[in-house]
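The block underneath contains the structure these notes are about, expressed in structure tokens.
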Amino acid sequence: QKEVEQDPGPLSVPEGAIVSLNCTYSNSAFQYFMWYRQYSRKGPELLMYTYSSGNKEDGRFTAQVDKSSKYISLFIRDSQPSDSATYLCAMSAMNYGQNFVFGPGTRLSVLP
Amino acid sequence: NAGVTQTPKFQVLKTGQSMTLQCAQDMNHNSMYWYRQDPGMGLRLIYYSASEGTTDKGEVPNGYNVSRLNKREFSLRLESAAPSQTSVYFCASSEALRGTEAFFGQGTRLTVV
């Protein structure tokens, strides 16, 4: 079992839809959770950074962490064609491993 | 604020040639990383530097060497390039090795023929 699992997609939605992107993980030591957006032929861009369980909102984006279920989500409201990208989750722990563990990414297409 | 800058953006090498990928960050971060990204494989850590003066192997270090030249700069060297090293290489930095988010450069697209 991989440490971090993520549905690779591709996921296609119509413009204006609510998108839910999810990651599951196996190591309960993870405390810090990140979501990155990666456009084609570009570097990953940090979208959200959260610590421990709970929700964090930034504009149309909401990150949700459920440590008891080892499950994190990124919600995109009122999705736009410009949201079409690959979304990577990442996580880290203070006392485990070298640094970050990344999910394989979910490719999202928002259709006009 | 440039963030993390990588050079070059594209490179084609012949098998056996050597080259150095350069990375510089202007965020005063302590930790820096080199990743490669291949289709279906995600991001894989090649080497990292927890702080100036230290470097350590990541998941896929074979065929690579690194130098943390100073706090800002972290270079990746391919001594004898192989077709298996065709990939997109990303440099990243973070304030600390753990507990802080990472910021990425725009990548170097390397093809070895």
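All residue names refer to the structure tokens as shown: chains lettered A, B, ... in order, residues numbered from 1 in each chain, ligands numbered from 1 in order.
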
Shell of 12 Å around segment 64-67 of chain A, only C-alpha atoms, local chain residues under 4 positions omitted, as a PDB file with C-alpha atoms, in the first residue's frame:
ATOM      1  CA  SER A  20     -14.022  17.437  -4.661  1.00  0.00           C
ATOM      2  CA  LEU A  21     -10.456  16.132  -4.780  1.00  0.00           C
ATOM      3  CA  ASN A  22      -9.363  13.586  -2.233  1.00  0.00           C
ATOM      4  CA  CYS A  23      -6.330  11.856  -0.768  1.00  0.00           C
ATOM      5  CA  THR A  24      -6.034   9.042   1.718  1.00  0.00           C
ATOM      6  CA  TYR A  25      -2.928   8.202   3.659  1.00  0.00           C
ATOM      7  CA  SER A  26      -1.722   5.407   5.891  1.00  0.00           C
ATOM      8  CA  ASN A  27       0.706   7.042   8.316  1.00  0.00           C
ATOM      9  CA  SER A  28      -0.920   8.633  11.356  1.00  0.00           C
ATOM     10  CA  ALA A  29       2.268  10.647  12.006  1.00  0.00           C
ATOM     11  CA  PHE A  30       1.400  13.122   9.248  1.00  0.00           C
ATOM     12  CA  GLN A  31       0.401  16.481  10.704  1.00  0.00           C
ATOM     13  CA  TYR A  32       0.938  18.982   7.900  1.00  0.00           C
ATOM     14  CA  PHE A  33      -1.088  18.835   4.727  1.00  0.00           C
ATOM     15  CA  MET A  34      -0.695  20.713   1.480  1.00  0.00           C
ATOM     16  CA  TRP A  35      -2.461  20.988  -1.847  1.00  0.00           C
ATOM     17  CA  MET A  48      -3.374  25.439   0.636  1.00  0.00           C
ATOM     18  CA  TYR A  49      -1.416  24.512   3.740  1.00  0.00           C
ATOM     19  CA  THR A  50      -3.107  23.162   6.837  1.00  0.00           C
ATOM     20  CA  TYR A  51      -2.030  21.756  10.148  1.00  0.00           C
ATOM     21  CA  SER A  52      -3.832  18.868  11.851  1.00  0.00           C
ATOM     22  CA  SER A  53      -7.592  18.361  11.491  1.00  0.00           C
ATOM     23  CA  GLY A  54     -10.196  20.882  10.448  1.00  0.00           C
ATOM     24  CA  ASN A  55     -11.124  23.142   7.568  1.00  0.00           C
ATOM     25  CA  LYS A  56      -9.368  26.041   5.914  1.00  0.00           C
ATOM     26  CA  GLU A  57     -10.951  28.317   3.348  1.00  0.00           C
ATOM     27  CA  ASP A  58      -9.300  30.593   0.797  1.00  0.00           C
ATOM     28  CA  TYR A  71      -8.481  11.523   4.649  1.00  0.00           C
ATOM     29  CA  ILE A  72      -7.986  14.979   3.192  1.00  0.00           C
ATOM     30  CA  SER A  73     -10.031  16.857   0.626  1.00  0.00           C
ATOM     31  CA  LEU A  74      -9.841  19.957  -1.503  1.00  0.00           C
ATOM     32  CA  PHE A  75     -13.125  21.516  -2.580  1.00  0.00           C
ATOM     33  CA  ILE A  76     -13.319  23.988  -5.436  1.00  0.00           C
ATOM     34  CA  CYS A  89      -1.696  16.502  -2.223  1.00  0.00           C
ATOM     35  CA  MET A  91       1.944  15.767   3.680  1.00  0.00           C
TER      36      MET A  91
END

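All residues of protein, DNA or RNA that reach within 8 Å of segment 94-104 of chain B, judged by only C-alpha atoms and not counting those fewer than 4 positions away in the chain, are Gln31, Tyr32, Met34, Gly43, Pro44, Glu45, Leu46, Tyr49, Ser92, Ala93, Met94, Asn95, Gln98, Asn99 and Phe100 of chain A; Gly3, Val4, Asn28, His29, Asn30, Ser31, Met32, Ala50 and Phe90 of chain B.
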
Selected residue of minimal separation from Tyr47 of chain B among B:Val112, B:Met27, B:Ala92, B:Met19, counting only C-alpha atoms:
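Using only C-alpha atoms, the shortest distance to Tyr47 of chain B belongs to B:Ala92.
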
Report, in Å to a single decimal, how far apart atom CA of Gly16 of chain A and atom CA of Thr106 of chain A are.
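One can read the atom CA of Thr106 of chain A to atom CA of Gly16 of chain A distance as 18.7 Å.
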
Would you list the contacts of Gln6 of chain B as a ChimeraX atom specification, taking every protein, DNA or RNA residue within 10 Å and counting only C-alpha atoms, but skipping same-chain residues closer than 6 positions in sequence?
/B:21-25,73-75,89-92,104-108

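Atom CA of Ala82 of chain B is found 23.1 Å from atom CA of Thr55 of chain B.
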
Need the shell around Gly9 of chain A: protein/DNA/RNA residues with any atom at most 10 Å away, counting only C-alpha atoms. Skip same-chain ones fewer than 3 positions apart. Format as a ChimeraX atom specification?
/A:6,12,21,86,105-109

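Shortest atom-to-atom contact with Gln37 of chain B among A:Ser69, A:Arg41, A:Val13, A:Pro112: A:Arg41, counting only C-alpha atoms.
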
Check the smallest atom-to-atom distance from each of A:Glu15, A:Leu111, A:Ser82, A:Val101 to chain B using only C-alpha atoms, then report the winner.
A:Val101

Neighbour list for Pro104 of chain A as a VMD selection string, cut-off 10 Å, only C-alpha atoms, skip fewer than 5 positions in-chain
(chain A and resid 4 to 8 23 86 to 90) or (chain B and resid 37 39 to 44)

Those same residues, written as a PDB file, in the first residue's frame with N, CA and C atoms?
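Result file result-v4.pdb:
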ATOM      1  N   VAL A   4       0.497   7.482   0.328  1.00  0.00           N
ATOM      2  CA  VAL A   4      -0.527   8.462  -0.027  1.00  0.00           C
ATOM      3  C   VAL A   4      -1.200   8.011  -1.317  1.00  0.00           C
ATOM      4  N   GLU A   5      -2.497   7.903  -1.278  1.00  0.00           N
ATOM      5  CA  GLU A   5      -3.269   7.479  -2.447  1.00  0.00           C
ATOM      6  C   GLU A   5      -4.131   8.641  -2.921  1.00  0.00           C
ATOM      7  N   GLN A   6      -4.252   8.716  -4.247  1.00  0.00           N
ATOM      8  CA  GLN A   6      -5.038   9.801  -4.827  1.00  0.00           C
ATOM      9  C   GLN A   6      -5.603   9.300  -6.142  1.00  0.00           C
ATOM     10  N   ASP A   7      -6.874   9.529  -6.379  1.00  0.00           N
ATOM     11  CA  ASP A   7      -7.495   9.122  -7.631  1.00  0.00           C
ATOM     12  C   ASP A   7      -6.843   9.892  -8.772  1.00  0.00           C
ATOM     13  N   PRO A   8      -6.246   9.186  -9.742  1.00  0.00           N
ATOM     14  CA  PRO A   8      -5.512   9.899 -10.799  1.00  0.00           C
ATOM     15  C   PRO A   8      -6.397  10.614 -11.797  1.00  0.00           C
ATOM     16  N   CYS A  23      -7.503  12.692  -1.011  1.00  0.00           N
ATOM     17  CA  CYS A  23      -6.330  11.856  -0.768  1.00  0.00           C
ATOM     18  C   CYS A  23      -6.538  11.058   0.504  1.00  0.00           C
ATOM     19  N   THR A  86      -3.459  19.666 -12.831  1.00  0.00           N
ATOM     20  CA  THR A  86      -3.285  18.499 -11.972  1.00  0.00           C
ATOM     21  C   THR A  86      -3.121  18.970 -10.543  1.00  0.00           C
ATOM     22  N   TYR A  87      -3.839  18.331  -9.633  1.00  0.00           N
ATOM     23  CA  TYR A  87      -3.798  18.715  -8.220  1.00  0.00           C
ATOM     24  C   TYR A  87      -3.079  17.620  -7.428  1.00  0.00           C
ATOM     25  N   LEU A  88      -2.067  18.043  -6.699  1.00  0.00           N
ATOM     26  CA  LEU A  88      -1.248  17.129  -5.905  1.00  0.00           C
ATOM     27  C   LEU A  88      -1.492  17.390  -4.427  1.00  0.00           C
ATOM     28  N   CYS A  89      -1.699  16.326  -3.666  1.00  0.00           N
ATOM     29  CA  CYS A  89      -1.696  16.502  -2.223  1.00  0.00           C
ATOM     30  C   CYS A  89      -0.300  16.137  -1.714  1.00  0.00           C
ATOM     31  N   ALA A  90       0.058  16.712  -0.582  1.00  0.00           N
ATOM     32  CA  ALA A  90       1.349  16.417   0.025  1.00  0.00           C
ATOM     33  C   ALA A  90       1.202  16.494   1.530  1.00  0.00           C
TER      34      ALA A  90
ATOM     35  N   GLN B  37      10.045  14.222 -11.942  1.00  0.00           N
ATOM     36  CA  GLN B  37       8.640  13.896 -12.155  1.00  0.00           C
ATOM     37  C   GLN B  37       8.493  13.174 -13.484  1.00  0.00           C
ATOM     38  N   PRO B  39       5.803  10.565 -15.883  1.00  0.00           N
ATOM     39  CA  PRO B  39       4.391  10.176 -16.035  1.00  0.00           C
ATOM     40  C   PRO B  39       4.087   8.904 -15.250  1.00  0.00           C
ATOM     41  N   GLY B  40       3.042   8.955 -14.454  1.00  0.00           N
ATOM     42  CA  GLY B  40       2.616   7.789 -13.694  1.00  0.00           C
ATOM     43  C   GLY B  40       3.430   7.513 -12.441  1.00  0.00           C
ATOM     44  N   MET B  41       4.521   8.283 -12.232  1.00  0.00           N
ATOM     45  CA  MET B  41       5.394   8.028 -11.074  1.00  0.00           C
ATOM     46  C   MET B  41       5.293   9.135 -10.034  1.00  0.00           C
ATOM     47  N   GLY B  42       4.705  10.247 -10.376  1.00  0.00           N
ATOM     48  CA  GLY B  42       4.621  11.343  -9.427  1.00  0.00           C
ATOM     49  C   GLY B  42       5.975  11.995  -9.191  1.00  0.00           C
ATOM     50  N   LEU B  43       6.060  12.738  -8.126  1.00  0.00           N
ATOM     51  CA  LEU B  43       7.302  13.408  -7.745  1.00  0.00           C
ATOM     52  C   LEU B  43       8.148  12.460  -6.903  1.00  0.00           C
ATOM     53  N   ARG B  44       9.389  12.297  -7.277  1.00  0.00           N
ATOM     54  CA  ARG B  44      10.294  11.446  -6.518  1.00  0.00           C
ATOM     55  C   ARG B  44      11.511  12.249  -6.099  1.00  0.00           C
TER      56      ARG B  44
END

So, counting only C-alpha atoms, which residue among A:Phe102, A:Val19, A:Val110, A:Leu47 is closest to Arg77 of chain A?
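Under the stated criterion, the closest residue is A:Val19.
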
From segment 8-102 of chain A, collect each residue whose DSSP state is strand (DSSP E or B) and return the set as a PyMOL selection string.
chain A and resi 11-14+19-25+32-38+45-51+54-58+61-66+71-76+85-93+96-102
